[in-house]
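Q: Got run_28.txt for you, compact mmCIF, C-alpha atoms and all ligand atoms:
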# COMPACT_ATOMS: atom_id res chain seq x y z
CA MET A 1 -28.08 7.33 24.79
CA LYS A 2 -29.56 8.58 21.53
CA GLN A 3 -27.32 7.76 18.58
CA LYS A 4 -26.84 10.24 15.74
CA LYS A 5 -28.48 9.14 12.49
CA ILE A 6 -26.62 9.66 9.23
CA LEU A 7 -28.48 9.58 5.94
CA ALA A 8 -25.98 8.37 3.32
CA ILE A 9 -26.18 8.45 -0.47
CA GLU A 10 -23.97 6.56 -2.95
CA SER A 11 -24.41 6.96 -6.72
CA SER A 12 -20.87 6.86 -8.14
CA CYS A 13 -21.50 4.18 -10.77
CA ASP A 14 -24.52 2.09 -11.69
CA GLU A 15 -26.22 1.74 -8.30
CA PHE A 16 -28.34 4.34 -6.56
CA SER A 17 -28.19 3.50 -2.89
CA VAL A 18 -29.42 5.24 0.23
CA ALA A 19 -28.98 4.15 3.84
CA ILE A 20 -29.43 5.34 7.39
CA VAL A 21 -26.51 4.41 9.63
CA ASP A 22 -26.04 5.36 13.26
CA GLU A 23 -22.84 6.81 14.67
CA ARG A 24 -21.71 3.37 15.90
CA ARG A 25 -21.80 2.29 12.22
CA HIS A 26 -24.91 0.18 12.62
CA LYS A 27 -27.08 0.09 9.53
CA LEU A 28 -30.69 0.97 10.31
CA MET A 29 -32.04 0.74 6.76
CA MET A 30 -30.72 0.54 3.22
CA GLU A 31 -32.29 0.55 -0.22
CA THR A 32 -30.19 -0.02 -3.33
CA LEU A 33 -31.43 0.01 -6.89
CA SER A 34 -29.00 -1.51 -9.37
CA GLN A 35 -28.98 -0.87 -13.10
CA ILE A 36 -27.03 -4.01 -14.00
CA ASP A 37 -29.78 -5.25 -16.33
CA VAL A 38 -29.69 -1.99 -18.29
CA HIS A 39 -25.90 -2.11 -18.80
CA ALA A 40 -25.49 -5.89 -19.16
CA GLN A 41 -26.76 -5.76 -22.75
CA PHE A 42 -23.80 -3.49 -23.62
CA GLY A 43 -21.25 -5.60 -21.70
CA GLY A 44 -20.31 -2.73 -19.36
CA VAL A 45 -21.52 0.49 -17.78
CA ILE A 46 -22.53 3.26 -20.22
CA PRO A 47 -21.99 6.51 -18.26
CA GLU A 48 -24.71 8.56 -20.02
CA LEU A 49 -27.26 5.84 -19.41
CA ALA A 50 -26.18 5.46 -15.78
CA SER A 51 -26.84 9.10 -14.88
CA ARG A 52 -30.15 9.11 -16.74
CA GLU A 53 -31.25 5.96 -14.90
CA HIS A 54 -30.21 7.51 -11.57
CA THR A 55 -32.63 10.40 -12.13
CA LYS A 56 -35.42 7.82 -12.49
CA LEU A 57 -34.31 5.70 -9.51
CA PHE A 58 -33.61 8.24 -6.80
CA PRO A 59 -37.27 9.14 -6.07
CA LEU A 60 -38.00 5.42 -5.53
CA VAL A 61 -35.24 4.94 -2.97
CA MET A 62 -35.99 8.22 -1.19
CA GLU A 63 -39.59 7.12 -0.81
CA LYS A 64 -38.32 4.09 1.16
CA VAL A 65 -36.42 6.43 3.49
CA GLY A 66 -39.60 8.44 4.09
CA THR A 67 -41.47 5.24 4.92
CA TYR A 68 -38.72 4.09 7.31
CA LEU A 69 -38.76 7.49 9.05
CA ASN A 70 -42.56 7.56 9.18
CA GLY A 71 -42.28 10.93 7.48
CA ASP A 72 -40.16 12.34 10.33
CA TRP A 73 -37.21 13.53 8.23
CA ASN A 74 -36.00 15.64 11.15
CA ALA A 75 -34.83 12.41 12.82
CA ILE A 76 -31.83 12.65 10.45
CA ASP A 77 -28.82 14.37 12.07
CA GLU A 78 -26.37 14.53 9.17
CA VAL A 79 -26.27 13.79 5.45
CA ALA A 80 -23.25 12.02 3.86
CA VAL A 81 -22.65 11.68 0.13
CA THR A 82 -20.03 10.21 -2.21
CA VAL A 83 -18.23 13.06 -3.98
CA GLY A 84 -15.76 10.91 -5.94
CA PRO A 85 -14.13 9.09 -7.55
CA GLY A 86 -16.69 7.79 -10.01
CA LEU A 87 -18.68 8.73 -13.11
CA SER A 88 -19.33 12.47 -13.14
CA GLY A 89 -22.99 12.33 -14.23
CA SER A 90 -23.77 9.57 -11.74
CA LEU A 91 -22.03 11.34 -8.85
CA LEU A 92 -23.83 14.59 -9.66
CA VAL A 93 -27.29 13.07 -9.23
CA GLY A 94 -26.43 11.82 -5.72
CA ILE A 95 -24.77 15.10 -4.77
CA GLN A 96 -27.77 17.16 -5.89
CA VAL A 97 -30.16 14.93 -3.93
CA ALA A 98 -27.93 15.14 -0.83
CA LYS A 99 -27.58 18.92 -1.07
CA THR A 100 -31.32 19.39 -1.45
CA ILE A 101 -32.10 17.24 1.59
CA ALA A 102 -29.37 18.87 3.73
CA LEU A 103 -30.60 22.36 2.80
CA MET A 104 -34.26 21.55 3.31
CA LEU A 105 -33.65 19.94 6.71
CA ASP A 106 -30.93 22.44 7.64
CA LYS A 107 -28.55 19.58 8.51
CA PRO A 108 -24.79 19.30 7.93
CA LEU A 109 -23.54 17.70 4.70
CA VAL A 110 -20.42 15.50 4.86
CA PRO A 111 -18.50 14.62 1.66
CA VAL A 112 -17.19 11.03 1.53
CA HIS A 113 -14.48 9.47 -0.66
CA HIS A 114 -15.83 6.35 -2.38
CA ILE A 115 -12.74 4.23 -1.61
CA LEU A 116 -12.80 5.20 2.07
CA GLY A 117 -16.43 4.08 1.98
CA HIS A 118 -15.22 0.63 0.90
CA VAL A 119 -12.55 0.73 3.64
CA TYR A 120 -15.26 1.17 6.29
CA SER A 121 -17.70 -1.38 4.81
CA ALA A 122 -16.41 -4.15 7.09
CA GLY A 123 -16.78 -1.69 9.99
CA LEU A 124 -20.56 -2.04 9.67
CA THR A 125 -20.29 -5.47 11.29
CA ASN A 126 -16.83 -5.51 12.88
CA GLU A 127 -14.94 -3.45 15.40
CA ILE A 128 -11.96 -1.62 13.89
CA VAL A 129 -8.73 -1.49 15.88
CA TYR A 130 -6.05 0.77 14.40
CA PRO A 131 -3.61 0.61 12.68
CA MET A 132 -5.63 -1.11 9.95
CA LEU A 133 -4.33 -2.41 6.64
CA SER A 134 -6.98 -2.48 3.89
CA LEU A 135 -6.80 -4.09 0.48
CA VAL A 136 -9.38 -2.42 -1.75
CA VAL A 137 -10.27 -4.53 -4.78
CA SER A 138 -13.05 -3.19 -6.96
CA GLY A 139 -13.94 -2.62 -10.60
CA GLY A 140 -11.87 0.57 -10.79
CA HIS A 141 -9.38 0.34 -7.92
CA THR A 142 -6.74 -1.94 -6.43
CA GLU A 143 -5.08 -0.27 -3.48
CA LEU A 144 -3.34 -1.09 -0.21
CA ILE A 145 -4.13 1.49 2.46
CA ILE A 146 -2.92 1.93 6.02
CA SER A 147 -5.34 3.75 8.33
CA MET A 148 -4.15 5.12 11.67
CA THR A 149 -7.41 6.87 12.60
CA GLU A 150 -10.61 7.84 10.77
CA THR A 151 -8.84 10.83 9.23
CA GLU A 152 -5.34 9.45 8.61
CA HIS A 153 -5.02 7.12 5.61
CA THR A 154 -1.96 6.40 3.49
CA VAL A 155 -2.02 4.56 0.17
CA ILE A 156 1.07 2.33 0.24
CA GLY A 157 0.43 0.53 -3.04
CA ALA A 158 -1.83 0.66 -6.07
CA THR A 159 -2.22 -0.91 -9.47
CA ARG A 160 -0.05 0.44 -12.27
CA ASP A 161 -2.57 -0.60 -14.90
CA ASP A 162 -5.86 -2.52 -14.67
CA ALA A 163 -7.87 -2.96 -11.47
CA VAL A 164 -8.59 -6.55 -10.44
CA GLY A 165 -12.36 -6.31 -11.02
CA GLU A 166 -11.76 -4.75 -14.43
CA VAL A 167 -9.62 -7.75 -15.46
CA TYR A 168 -12.30 -10.16 -14.23
CA ASP A 169 -14.87 -8.30 -16.35
CA LYS A 170 -12.64 -8.20 -19.46
CA ILE A 171 -11.77 -11.90 -19.30
CA ALA A 172 -15.43 -12.75 -18.71
CA ARG A 173 -16.34 -10.78 -21.81
CA LYS A 174 -13.77 -12.69 -23.85
CA LEU A 175 -15.31 -15.92 -22.55
CA HIS A 176 -18.79 -14.66 -23.58
CA LEU A 177 -19.96 -14.56 -19.95
CA PRO A 178 -22.50 -11.95 -18.78
CA TYR A 179 -21.57 -8.62 -17.15
CA PRO A 180 -20.35 -8.22 -14.42
CA GLY A 181 -17.91 -11.05 -14.97
CA GLY A 182 -16.44 -11.43 -11.49
CA PRO A 183 -19.19 -13.58 -9.96
CA CYS A 184 -19.35 -15.85 -13.09
CA ILE A 185 -15.59 -16.47 -13.15
CA ASP A 186 -15.62 -17.09 -9.40
CA LYS A 187 -18.32 -19.75 -9.84
CA LEU A 188 -16.58 -21.40 -12.82
CA ALA A 189 -13.22 -21.37 -11.01
CA HIS A 190 -14.69 -23.64 -8.36
CA GLN A 191 -15.76 -26.14 -11.00
CA GLY A 192 -12.39 -26.21 -12.80
CA THR A 193 -8.80 -27.28 -12.19
CA ILE A 194 -5.62 -25.27 -12.45
CA THR A 195 -4.26 -26.49 -15.79
CA LYS A 196 -2.17 -23.46 -16.76
CA GLN A 197 0.48 -21.72 -14.67
CA PHE A 198 0.33 -18.07 -15.68
CA THR A 199 3.40 -15.97 -14.90
CA LYS A 200 3.36 -13.83 -11.77
CA PRO A 201 3.69 -10.08 -12.45
CA LYS A 202 7.14 -8.68 -11.56
CA MET A 203 7.34 -5.15 -10.14
CA ASN A 204 10.21 -3.10 -8.74
CA ASP A 205 7.97 -1.60 -6.08
CA PRO A 206 6.93 -4.53 -3.82
CA PHE A 207 3.55 -2.94 -3.03
CA ALA A 208 2.60 -2.03 -6.62
CA PHE A 209 0.13 -4.25 -8.47
CA SER A 210 -0.05 -5.01 -12.18
CA PHE A 211 -2.71 -7.14 -13.83
CA SER A 212 -2.54 -6.20 -17.52
CA GLY A 213 0.18 -8.80 -18.27
CA LEU A 214 -1.94 -11.53 -16.69
CA LYS A 215 -4.99 -10.28 -18.59
CA SER A 216 -3.08 -10.51 -21.92
CA ALA A 217 -1.72 -13.97 -21.07
CA VAL A 218 -5.23 -15.27 -20.35
CA MET A 219 -6.62 -13.66 -23.53
CA ASN A 220 -3.73 -15.15 -25.57
CA GLU A 221 -4.42 -18.59 -24.15
CA ILE A 222 -8.10 -18.31 -25.12
CA ASN A 223 -7.10 -17.13 -28.65
CA ARG A 224 -4.57 -19.96 -28.97
CA CYS A 225 -7.19 -22.57 -28.10
CA GLU A 226 -9.71 -21.03 -30.50
CA MET A 227 -7.21 -20.87 -33.36
CA LYS A 228 -6.20 -24.49 -32.88
CA GLY A 229 -9.83 -25.54 -32.75
CA GLU A 230 -9.34 -26.77 -29.17
CA GLN A 231 -12.25 -26.52 -26.76
CA VAL A 232 -11.67 -23.66 -24.30
CA SER A 233 -12.45 -24.91 -20.81
CA LYS A 234 -13.98 -21.83 -19.20
CA GLU A 235 -13.78 -23.62 -15.86
CA ASP A 236 -10.05 -24.42 -16.10
CA ILE A 237 -9.12 -20.98 -17.47
CA SER A 238 -11.10 -19.38 -14.64
CA ALA A 239 -9.48 -21.62 -12.01
CA SER A 240 -5.96 -20.91 -13.35
CA PHE A 241 -6.56 -17.15 -13.57
CA GLN A 242 -8.26 -16.88 -10.19
CA SER A 243 -5.58 -18.82 -8.32
CA LEU A 244 -2.89 -16.45 -9.57
CA VAL A 245 -4.96 -13.37 -8.66
CA ILE A 246 -5.61 -14.69 -5.14
CA GLY A 247 -1.93 -15.54 -4.69
CA GLU A 248 -0.95 -12.01 -5.74
CA LEU A 249 -3.44 -10.30 -3.43
CA ILE A 250 -2.74 -12.43 -0.37
CA GLY A 251 1.01 -12.21 -1.07
CA LYS A 252 0.88 -8.38 -0.95
CA ILE A 253 -1.02 -8.46 2.35
CA GLU A 254 1.62 -10.73 3.87
CA LEU A 255 4.41 -8.54 2.54
CA ALA A 256 2.78 -5.47 4.09
CA LEU A 257 2.40 -7.29 7.42
CA GLN A 258 6.13 -8.04 7.40
CA LYS A 259 7.02 -4.39 6.81
CA TYR A 260 4.34 -2.79 9.01
CA SER A 261 4.53 -5.00 12.08
CA ASN A 262 2.20 -2.80 14.19
CA ILE A 263 -0.93 -3.61 12.14
CA LYS A 264 -3.84 -4.74 14.37
CA THR A 265 -6.60 -5.19 11.79
CA VAL A 266 -6.52 -6.41 8.19
CA ASN A 267 -9.43 -5.77 5.87
CA ILE A 268 -10.31 -6.73 2.28
CA CYS A 269 -13.08 -4.70 0.66
CA GLY A 270 -14.62 -3.65 -2.67
CA GLY A 271 -16.65 -5.69 -5.16
CA VAL A 272 -13.97 -8.38 -5.60
CA SER A 273 -13.97 -9.05 -1.84
CA ALA A 274 -17.19 -11.00 -2.52
CA ASN A 275 -14.98 -13.60 -4.26
CA ARG A 276 -15.42 -16.97 -2.56
CA GLY A 277 -11.89 -18.18 -3.26
CA LEU A 278 -10.34 -14.95 -2.02
CA ARG A 279 -12.44 -14.91 1.15
CA SER A 280 -11.55 -18.47 2.13
CA THR A 281 -7.80 -18.12 1.40
CA TYR A 282 -7.78 -14.83 3.33
CA LYS A 283 -9.47 -16.32 6.38
CA LYS A 284 -6.67 -18.89 6.62
CA LEU A 285 -4.28 -16.04 7.51
CA GLU A 286 -5.96 -16.01 10.94
CA ASP A 287 -4.13 -19.23 11.84
CA LYS A 288 -0.78 -17.74 10.91
CA TYR A 289 -1.12 -14.26 12.47
CA LYS A 290 -2.82 -14.89 15.82
CA ASP A 291 -2.55 -11.29 17.11
CA ILE A 292 -4.21 -9.69 14.10
CA LYS A 293 -7.93 -9.39 13.37
CA PHE A 294 -8.86 -10.28 9.78
CA ILE A 295 -12.16 -8.68 8.83
CA LEU A 296 -14.32 -8.76 5.70
CA PRO A 297 -17.51 -6.91 4.75
CA GLU A 298 -20.73 -8.94 4.69
CA LEU A 299 -21.61 -9.84 1.09
CA GLU A 300 -24.29 -7.10 0.89
CA TYR A 301 -21.59 -4.48 1.64
CA CYS A 302 -18.90 -5.71 -0.81
CA GLY A 303 -20.27 -3.94 -3.88
CA ASP A 304 -21.21 -0.27 -3.99
CA ASN A 305 -23.73 0.62 -1.29
CA ALA A 306 -24.72 3.63 0.81
CA ALA A 307 -24.27 1.98 4.23
CA MET A 308 -20.48 2.04 3.73
CA ILE A 309 -20.66 5.78 2.92
CA GLY A 310 -22.52 6.35 6.20
CA ALA A 311 -19.95 4.18 7.99
CA ALA A 312 -17.17 6.45 6.65
CA TYR A 313 -18.81 9.76 7.66
CA LEU A 314 -16.11 10.48 10.26
CA THR A 315 -13.36 10.53 7.61
CA SER A 316 -14.28 14.13 6.84
CA LYS A 317 -15.88 17.19 8.40
CA PRO A 318 -19.25 18.72 7.48
CA LEU A 319 -19.05 21.41 4.82
CA SER A 320 -19.80 25.06 5.52
CA LYS A 321 -22.99 26.42 3.88
CA GLU A 322 -20.91 28.06 1.17
CA GLU A 323 -18.87 24.90 0.51
CA MET A 324 -22.09 22.93 0.35
CA LEU A 325 -23.62 25.24 -2.24
CA THR A 326 -20.57 25.04 -4.50
CA LEU A 327 -19.89 21.32 -3.94
CA ASP A 328 -19.23 19.58 -7.25
CA CYS A 329 -18.48 15.98 -8.22
CA ARG A 330 -14.81 14.87 -8.25
CA PRO A 331 -14.54 12.00 -10.77
CA ASN A 332 -10.77 11.48 -10.23
CA LEU A 333 -10.44 12.46 -6.58
CA THR A 334 -7.53 10.71 -4.86
CA ILE A 335 -7.53 9.86 -1.15
CA HIS A 336 -4.61 12.25 -0.66
CA GLU A 337 -6.50 15.15 -2.28
CA PHE A 338 -9.61 14.31 -0.29
CA LEU A 339 -7.83 14.24 3.07
CA ASN A 340 -6.00 17.47 2.28
CA LYS A 341 -9.19 19.11 1.06
CA GLN A 342 -7.31 20.00 -2.10
CA LYS A 343 -10.25 19.80 -4.40
CA ILE A 344 -13.35 19.77 -2.24
O1 LIG A 401 -16.88 -2.15 -5.71
P1 LIG A 401 -17.69 -2.43 -6.91
O2 LIG A 401 -19.13 -2.83 -6.75
O3 LIG A 401 -17.70 -1.22 -7.89
C1 LIG A 401 -16.61 -0.37 -8.08
O4 LIG A 401 -16.43 0.56 -7.25
O5 LIG A 401 -15.86 -0.66 -9.03
O6 LIG A 401 -16.90 -3.57 -7.72
C2 LIG A 401 -17.41 -4.14 -8.92
C3 LIG A 401 -16.43 -5.20 -9.39
C4 LIG A 401 -16.76 -5.74 -10.79
O7 LIG A 401 -15.59 -5.67 -11.57
C5 LIG A 401 -17.18 -7.17 -10.51
O8 LIG A 401 -16.90 -8.06 -11.58
C6 LIG A 401 -16.36 -7.50 -9.29
O9 LIG A 401 -16.41 -6.32 -8.50
N1 LIG A 401 -16.90 -8.65 -8.54
C7 LIG A 401 -16.22 -9.81 -8.37
C8 LIG A 401 -17.09 -10.68 -7.66
N2 LIG A 401 -18.26 -10.00 -7.41
C9 LIG A 401 -18.11 -8.76 -7.96
N3 LIG A 401 -14.99 -10.19 -8.76
C10 LIG A 401 -14.58 -11.43 -8.44
N4 LIG A 401 -15.35 -12.32 -7.78
C11 LIG A 401 -16.60 -12.00 -7.35
N5 LIG A 401 -17.35 -12.89 -6.71
ZN ZN A 402 -16.89 0.81 -5.44
Rewrite the coordinates I just gave you, this time as C-alpha cells.
Ligand code: KG4
Ligand code: ZN
A:
Amino acid sequence: MKQKKILAIESSCDEFSVAIVDERRHKLMMETLSQIDVHAQFGGVIPELASREHTKLFPLVMEKVGTYLNGDWNAIDEVAVTVGPGLSGSLLVGIQVAKTIALMLDKPLVPVHHILGHVYSAGLTNEIVYPMLSLVVSGGHTELIISMTETEHTVIGATRDDAVGEVYDKIARKLHLPYPGGPCIDKLAHQGTITKQFTKPKMNDPFAFSFSGLKSAVMNEINRCEMKGEQVSKEDISASFQSLVIGELIGKIELALQKYSNIKTVNICGGVSANRGLRSTYKKLEDKYKDIKFILPELEYCGDNAAMIGAAYLTSKPLSKEEMLTLDCRPNLTIHEFLNKQKI
C-alpha cells in the first residue's frame, strides 16, 4: 500500500533541516545544515546570526529534496513544520518556507511542537507502545512527559532553572572547551575519575529538576582550584559532574516508573540523549524492568533534525487555509498550549 509522504522542516535554532518521512515514521531522506562553526566563535548561538544564516541555507537543503523527488514535488502528501518553541527569527524562516511549499503544492500544513518532535525521534527506529514515559533533555528543555496517544501528552516534571544541556555548555565554557560543550564533557568524563561528590539537588516536587545549584558548585570548584594555583583536572571535574547528572536523570525515570506503573515504553530524547554515559546507564534499566521497552533515538536523531518533526506529524491536525496564512512562530509555546490550540 502506498504510504503518505510528509515533508518536514525544522529550523528552531541553529540547524536548518528538511526530511521526508513516511506515515510509518520511516525516514526516506534528510538533509541538515548546521551553523555550529558560525556560532562556536561566540561560545553560543547568536539569534540574529542564526536567522540570517537560515535564509542562506534553506535553498541548499530544498535543492536536495528536489533531487530526491526527481523534481516530482507532487509526491509530497503533507508538509510539517516546527512552530515553536525556539528562536523567533529562526522559526520564522522555516515557517515561511513550509507555507510557501504547502500553498504552491496545495497540500495540508501541519504545525509541530519542537519538544514533541524530540519525543517521537526514537519512533523513527522503534515501535512505540503507549503509555510512554519520555525524558526530554536538550539545550533548552528538561522535561518528563507521559504520552497516552499521539495527541495526549502530559508534562509531569520540568526543570525549575537551567536545562541539562545548558549546564553542560556553561561548564564547558568555564573549562575553555569549544561550543557545544556536551560532547566534549562527555568525552573527558570517560577519561577521568569521580574525585568530587557534588551535592544532589533537593526539591519538594519529586518530578521537578534543578541544575543551577550543581552548575554553581562545579564553577566554584573550578574557581577554588584556580585561586589556589592547583591544576584543574578537566577530566575529573567532567566525570564528577556527569555522574551526578546521570544519577539525577535515571533516578527521576525510576521514580516515575514507581508512580505510573502502567508505563509500557520509556524514552530518552533531545541533544543530551547522545551522551554515552547516560545511554549506557539507561540501557541497564532493561535488566531491572523486564516488561518495559527502553528506547533511544539513533545518534543522528538526538540533536535537532527534521525527521523527528515528520515523525511527530500526527500530534496535530492540518491547519485550515486561513490558519495557514496567519500562522506565526511561537517562541515560548508550551506543550499544553499546543495541544489545546491556545496560541496556534
Ligand atoms: O536538542 P538539541 O540539539 O537542541 C535543543 O533543542 O536545545 O540539544 C543541544 C544540547 C546542547 O546543550 C549540547 O551540549 C547537548 O545537547 N549535547 C550533549 C551531548 N551532545 C549534545 N550533552 C551531553 N552529552 C553529549 N554527548
Ligand atoms: Zn531540540
Q: Throw together the list of residues within 7 Å of ligand ZN 402 (chain A), counting all atoms listed in the file, and drop it here as a PDB file with C-alpha atoms, in the frame of the given file.
A:
ATOM      1  CA  HIS A 114     -15.830   6.350  -2.380  1.00  0.00           C
ATOM      2  CA  ILE A 115     -12.740   4.230  -1.610  1.00  0.00           C
ATOM      3  CA  HIS A 118     -15.220   0.630   0.900  1.00  0.00           C
ATOM      4  CA  SER A 138     -13.050  -3.190  -6.960  1.00  0.00           C
ATOM      5  CA  GLY A 139     -13.940  -2.620 -10.600  1.00  0.00           C
ATOM      6  CA  GLY A 270     -14.620  -3.650  -2.670  1.00  0.00           C
ATOM      7  CA  GLY A 271     -16.650  -5.690  -5.160  1.00  0.00           C
ATOM      8  CA  GLY A 303     -20.270  -3.940  -3.880  1.00  0.00           C
ATOM      9  CA  ASP A 304     -21.210  -0.270  -3.990  1.00  0.00           C
TER      10      ASP A 304
END
Q: Which one of A:Tyr179, A:Lys170, A:Gly229, A:His153 sits closest to Val38 of chain A if you count only C-alpha atoms?
A: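 Under the stated criterion, the closest residue is A:Tyr179.
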Q: Which residues of chain A come within 8 Å of ligand LIG 401 (chain A), and for each one, what is the closest pair of atoms and their distance in Å to one decimal, counting only C-alpha atoms and all ligand atoms, sorted by chain and residue number, as a tab-separated table?
A:
residue	atom	partner	partner_atom	distance
A:Ser12	CA	A:LIG401	O4	7.8
A:Cys13	CA	A:LIG401	O4	7.2
A:Gly86	CA	A:LIG401	O4	7.7
A:His114	CA	A:LIG401	O4	7.6
A:Ile115	CA	A:LIG401	O4	7.7
A:His118	CA	A:LIG401	O1	7.4
A:Val137	CA	A:LIG401	O1	7.1
A:Ser138	CA	A:LIG401	O6	3.9
A:Gly139	CA	A:LIG401	O5	3.2
A:Gly140	CA	A:LIG401	O5	4.5
A:His141	CA	A:LIG401	O5	6.6
A:Val164	CA	A:LIG401	O7	7.1
A:Gly165	CA	A:LIG401	O7	3.3
A:Glu166	CA	A:LIG401	O7	4.9
A:Val167	CA	A:LIG401	O7	7.4
A:Tyr168	CA	A:LIG401	O8	5.7
A:Asp169	CA	A:LIG401	O8	5.2
A:Tyr179	CA	A:LIG401	O8	7.3
A:Pro180	CA	A:LIG401	O8	4.5
A:Gly181	CA	A:LIG401	O8	4.6
A:Gly182	CA	A:LIG401	N3	3.3
A:Pro183	CA	A:LIG401	N5	3.8
A:Cys184	CA	A:LIG401	N5	7.3
A:Ile185	CA	A:LIG401	N4	6.8
A:Asp186	CA	A:LIG401	N4	5.0
A:Lys187	CA	A:LIG401	N5	7.6
A:Cys269	CA	A:LIG401	O1	7.8
A:Gly270	CA	A:LIG401	O1	4.1
A:Gly271	CA	A:LIG401	O6	3.3
A:Val272	CA	A:LIG401	N3	3.8
A:Ser273	CA	A:LIG401	C11	6.8
A:Ala274	CA	A:LIG401	N5	4.6
A:Asn275	CA	A:LIG401	N5	3.5
A:Arg276	CA	A:LIG401	N5	6.1
A:Cys302	CA	A:LIG401	O1	6.4
A:Gly303	CA	A:LIG401	O2	3.3
A:Asp304	CA	A:LIG401	O2	4.3
A:Asn305	CA	A:LIG401	O2	7.9
Q: What does the file look like for those residues with C-alpha atoms, as a PDB file, in the frame of the given file?
A:
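Saved the output as selection_39.pdb:
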ATOM      1  CA  SER A  12     -20.870   6.860  -8.140  1.00  0.00           C
ATOM      2  CA  CYS A  13     -21.500   4.180 -10.770  1.00  0.00           C
ATOM      3  CA  GLY A  86     -16.690   7.790 -10.010  1.00  0.00           C
ATOM      4  CA  HIS A 114     -15.830   6.350  -2.380  1.00  0.00           C
ATOM      5  CA  ILE A 115     -12.740   4.230  -1.610  1.00  0.00           C
ATOM      6  CA  HIS A 118     -15.220   0.630   0.900  1.00  0.00           C
ATOM      7  CA  VAL A 137     -10.270  -4.530  -4.780  1.00  0.00           C
ATOM      8  CA  SER A 138     -13.050  -3.190  -6.960  1.00  0.00           C
ATOM      9  CA  GLY A 139     -13.940  -2.620 -10.600  1.00  0.00           C
ATOM     10  CA  GLY A 140     -11.870   0.570 -10.790  1.00  0.00           C
ATOM     11  CA  HIS A 141      -9.380   0.340  -7.920  1.00  0.00           C
ATOM     12  CA  VAL A 164      -8.590  -6.550 -10.440  1.00  0.00           C
ATOM     13  CA  GLY A 165     -12.360  -6.310 -11.020  1.00  0.00           C
ATOM     14  CA  GLU A 166     -11.760  -4.750 -14.430  1.00  0.00           C
ATOM     15  CA  VAL A 167      -9.620  -7.750 -15.460  1.00  0.00           C
ATOM     16  CA  TYR A 168     -12.300 -10.160 -14.230  1.00  0.00           C
ATOM     17  CA  ASP A 169     -14.870  -8.300 -16.350  1.00  0.00           C
ATOM     18  CA  TYR A 179     -21.570  -8.620 -17.150  1.00  0.00           C
ATOM     19  CA  PRO A 180     -20.350  -8.220 -14.420  1.00  0.00           C
ATOM     20  CA  GLY A 181     -17.910 -11.050 -14.970  1.00  0.00           C
ATOM     21  CA  GLY A 182     -16.440 -11.430 -11.490  1.00  0.00           C
ATOM     22  CA  PRO A 183     -19.190 -13.580  -9.960  1.00  0.00           C
ATOM     23  CA  CYS A 184     -19.350 -15.850 -13.090  1.00  0.00           C
ATOM     24  CA  ILE A 185     -15.590 -16.470 -13.150  1.00  0.00           C
ATOM     25  CA  ASP A 186     -15.620 -17.090  -9.400  1.00  0.00           C
ATOM     26  CA  LYS A 187     -18.320 -19.750  -9.840  1.00  0.00           C
ATOM     27  CA  CYS A 269     -13.080  -4.700   0.660  1.00  0.00           C
ATOM     28  CA  GLY A 270     -14.620  -3.650  -2.670  1.00  0.00           C
ATOM     29  CA  GLY A 271     -16.650  -5.690  -5.160  1.00  0.00           C
ATOM     30  CA  VAL A 272     -13.970  -8.380  -5.600  1.00  0.00           C
ATOM     31  CA  SER A 273     -13.970  -9.050  -1.840  1.00  0.00           C
ATOM     32  CA  ALA A 274     -17.190 -11.000  -2.520  1.00  0.00           C
ATOM     33  CA  ASN A 275     -14.980 -13.600  -4.260  1.00  0.00           C
ATOM     34  CA  ARG A 276     -15.420 -16.970  -2.560  1.00  0.00           C
ATOM     35  CA  CYS A 302     -18.900  -5.710  -0.810  1.00  0.00           C
ATOM     36  CA  GLY A 303     -20.270  -3.940  -3.880  1.00  0.00           C
ATOM     37  CA  ASP A 304     -21.210  -0.270  -3.990  1.00  0.00           C
ATOM     38  CA  ASN A 305     -23.730   0.620  -1.290  1.00  0.00           C
TER      39      ASN A 305
END
Q: Expressed in Å to a single decimal, how great is the separation between atom CA of Ser121 of chain A and atom CA of Asp205 of chain A?
A: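 Going from atom CA of Ser121 of chain A over to atom CA of Asp205 of chain A, I get 27.9 Å.
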Q: Would you give the centre and edge lengths, in Å to one decimal, of a box along x, y and z around the listed atoms of segment 186-198 of chain A, with 8 Å added to each side, as JSON?
A:
{"center_x": -8.9, "center_y": -22.2, "center_z": -12.6, "size_x": 34.8, "size_y": 26.2, "size_z": 24.4}
Q: Skip segment 246-258 of chain A itself and residues of its chain fewer than 4 positions away, then list as a list in words all residues within 9 Å of it, counting all atoms listed in the file.
A: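 Answer for this query is Leu133, Ser134, Leu135, Leu144, Ile156, Lys200, Pro201, Pro206, Phe207, Ala208, Phe209, Phe241, Gln242, Asn262, Ile263, Val266, Gly277, Leu278, Thr281, Tyr282 and Leu285 of chain A.
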Q: Which one of A:Trp73, A:Phe42, A:Tyr120, A:Phe58 sits closest to Met308 of chain A if you count only C-alpha atoms?
A: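 Counting only C-alpha atoms, the residue closest to Met308 of chain A is A:Tyr120.
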Q: To one decimal place, how far is atom CA of Leu109 of chain A from atom CA of Thr142 of chain A in Å?
A: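 We find that atom CA of Leu109 of chain A and atom CA of Thr142 of chain A lie 28.1 Å from each other.
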Q: Using only C-alpha atoms, determine which residues lie at most 6 Å from segment 14-28 of chain A, disregarding the query and same-chain residues fewer than 2 positions distant; provide the list as a list in words.
A: Gln3, Lys4, Lys5, Ile6, Leu7, Ala8, Ile9, Glu10, Ser11, Met30, Glu31, Thr32, Leu33, Ser34, Gln35, Ala50, Leu124, Asn305, Ala306, Ala307, Gly310 and Ala311 of chain A
Q: Rounded to one decimal place, report the atom CA of Leu333 of chain A-atom CA of Gly84 of chain A distance in Å.
A: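 Going from atom CA of Leu333 of chain A over to atom CA of Gly84 of chain A covers 5.6 Å.
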Q: Choose the residue, out of A:His113, A:Val45, A:Ala172, A:Pro108, that has the smallest atom-to-atom separation from Ala189 of chain A; count only C-alpha atoms.
A: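 Closest to Ala189 of chain A of all the choices is A:Ala172.
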